[in-house]
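This report concerns only the one structure given below.
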Amino acid sequence: MMNEDISSPSTSSSGGSGGVKKFFIRLSQTYQSTLDRSTPHTQMRWVFAGFVLLLFVLRIFLYQGWYIICYALGIYHLNLFIAFLTPKIDPEFDPYAQDEEDEGPNLPTRSNEEFRPFIRRLPEFKFWLSVTKSTAIGLFCTFFDFFNVPVFWPILVMYFITLFCITMKRQIKHMIKYKYLPFTRNKPRYQRVNESAGAASLGGNSK
């Protein structure tokens, strides 16, 4: 009897912990399935990210505070944007990259060249997810006063503008040096041989 009484609390505690574990597993699965369903809806995802960012900016503007959070979020978004514009394999450190004297760059620069998609260091979906999550965390931090550190905000604005200009200038020089565009154009579609022959025969019959 005593053994049964002693074992019953441990059984109930293990059952409770198992229920909590199942809850978090179910929550993680729901979160992942929501992300998977949102993958093809690029415009809607960025509209949602812009809405969350607008809420953050409005809260900063209306309450006139949390400038440190705003500055840190801007720096983080700038780093994400640079990774989004950078190729996955940097030509500067690629051992298989062509020399500057060789003809034809490694990355696509014109539409009449062989189709080679631009592979980013940070894919678009991860870029969106990081921007959305960081903005939501920044918005959450604005509800706590101990994050509201008093600073002279024009100095932060000047720092950010200077850092943005220097970083973008370096990125543009990198694009010009290795002759690539950080965008992938649509893959050209070629007409089938049978269709082209049929169109030519129809043109000949009409004559």
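Residue numbering restarts at 1 for every chain of the structure tokens, chains are lettered A, B, ... in their displayed order, and ligands are numbered from 1 as they appear.
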
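Within 12 Å of Leu129 of chain A, once only C-alpha atoms are used and residues closer than 4 positions along the same chain are dropped, the contacting residues are Gln32, Leu35, Asp36, Ser38, Thr39, Thr42, Arg45, Trp46, Phe48, Ala49, Gly50, His77, Leu80, Leu122, Pro123, Glu124, Phe125, Lys133, Ser134, Thr135 and Ala136 of chain A.
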
Write the residues you've just listed into a file as a CSV table (one decimal), in the first residue's frame, and include C-alpha atoms for each of them.
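Wrote result14.csv, looks like this:
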```csv
chain,number,residue,atom,x,y,z
A,32,GLN,CA,5.9,25.1,-39.0
A,35,LEU,CA,5.1,28.8,-42.4
A,36,ASP,CA,5.0,26.1,-45.1
A,38,SER,CA,2.7,30.9,-46.4
A,39,THR,CA,5.8,30.1,-48.5
A,42,THR,CA,5.3,36.3,-51.2
A,45,ARG,CA,4.0,37.8,-46.4
A,46,TRP,CA,5.7,41.1,-47.0
A,48,PHE,CA,2.2,41.4,-43.1
A,49,ALA,CA,5.9,42.2,-42.3
A,50,GLY,CA,5.3,45.8,-43.4
A,77,HIS,CA,17.7,44.7,-40.9
A,80,LEU,CA,19.9,41.0,-43.4
A,122,LEU,CA,20.2,34.7,-47.4
A,123,PRO,CA,17.1,33.4,-49.2
A,124,GLU,CA,14.0,35.5,-49.6
A,125,PHE,CA,11.9,33.4,-47.2
A,133,LYS,CA,10.5,38.0,-36.0
A,134,SER,CA,12.9,40.7,-35.2
A,135,THR,CA,10.3,43.4,-35.7
A,136,ALA,CA,7.9,41.6,-33.5
```

Distance criterion (only C-alpha atoms): nearest to Phe127 of chain A out of A:Gln64, A:Ser17, A:Thr34, A:Asn79:
A:Asn79
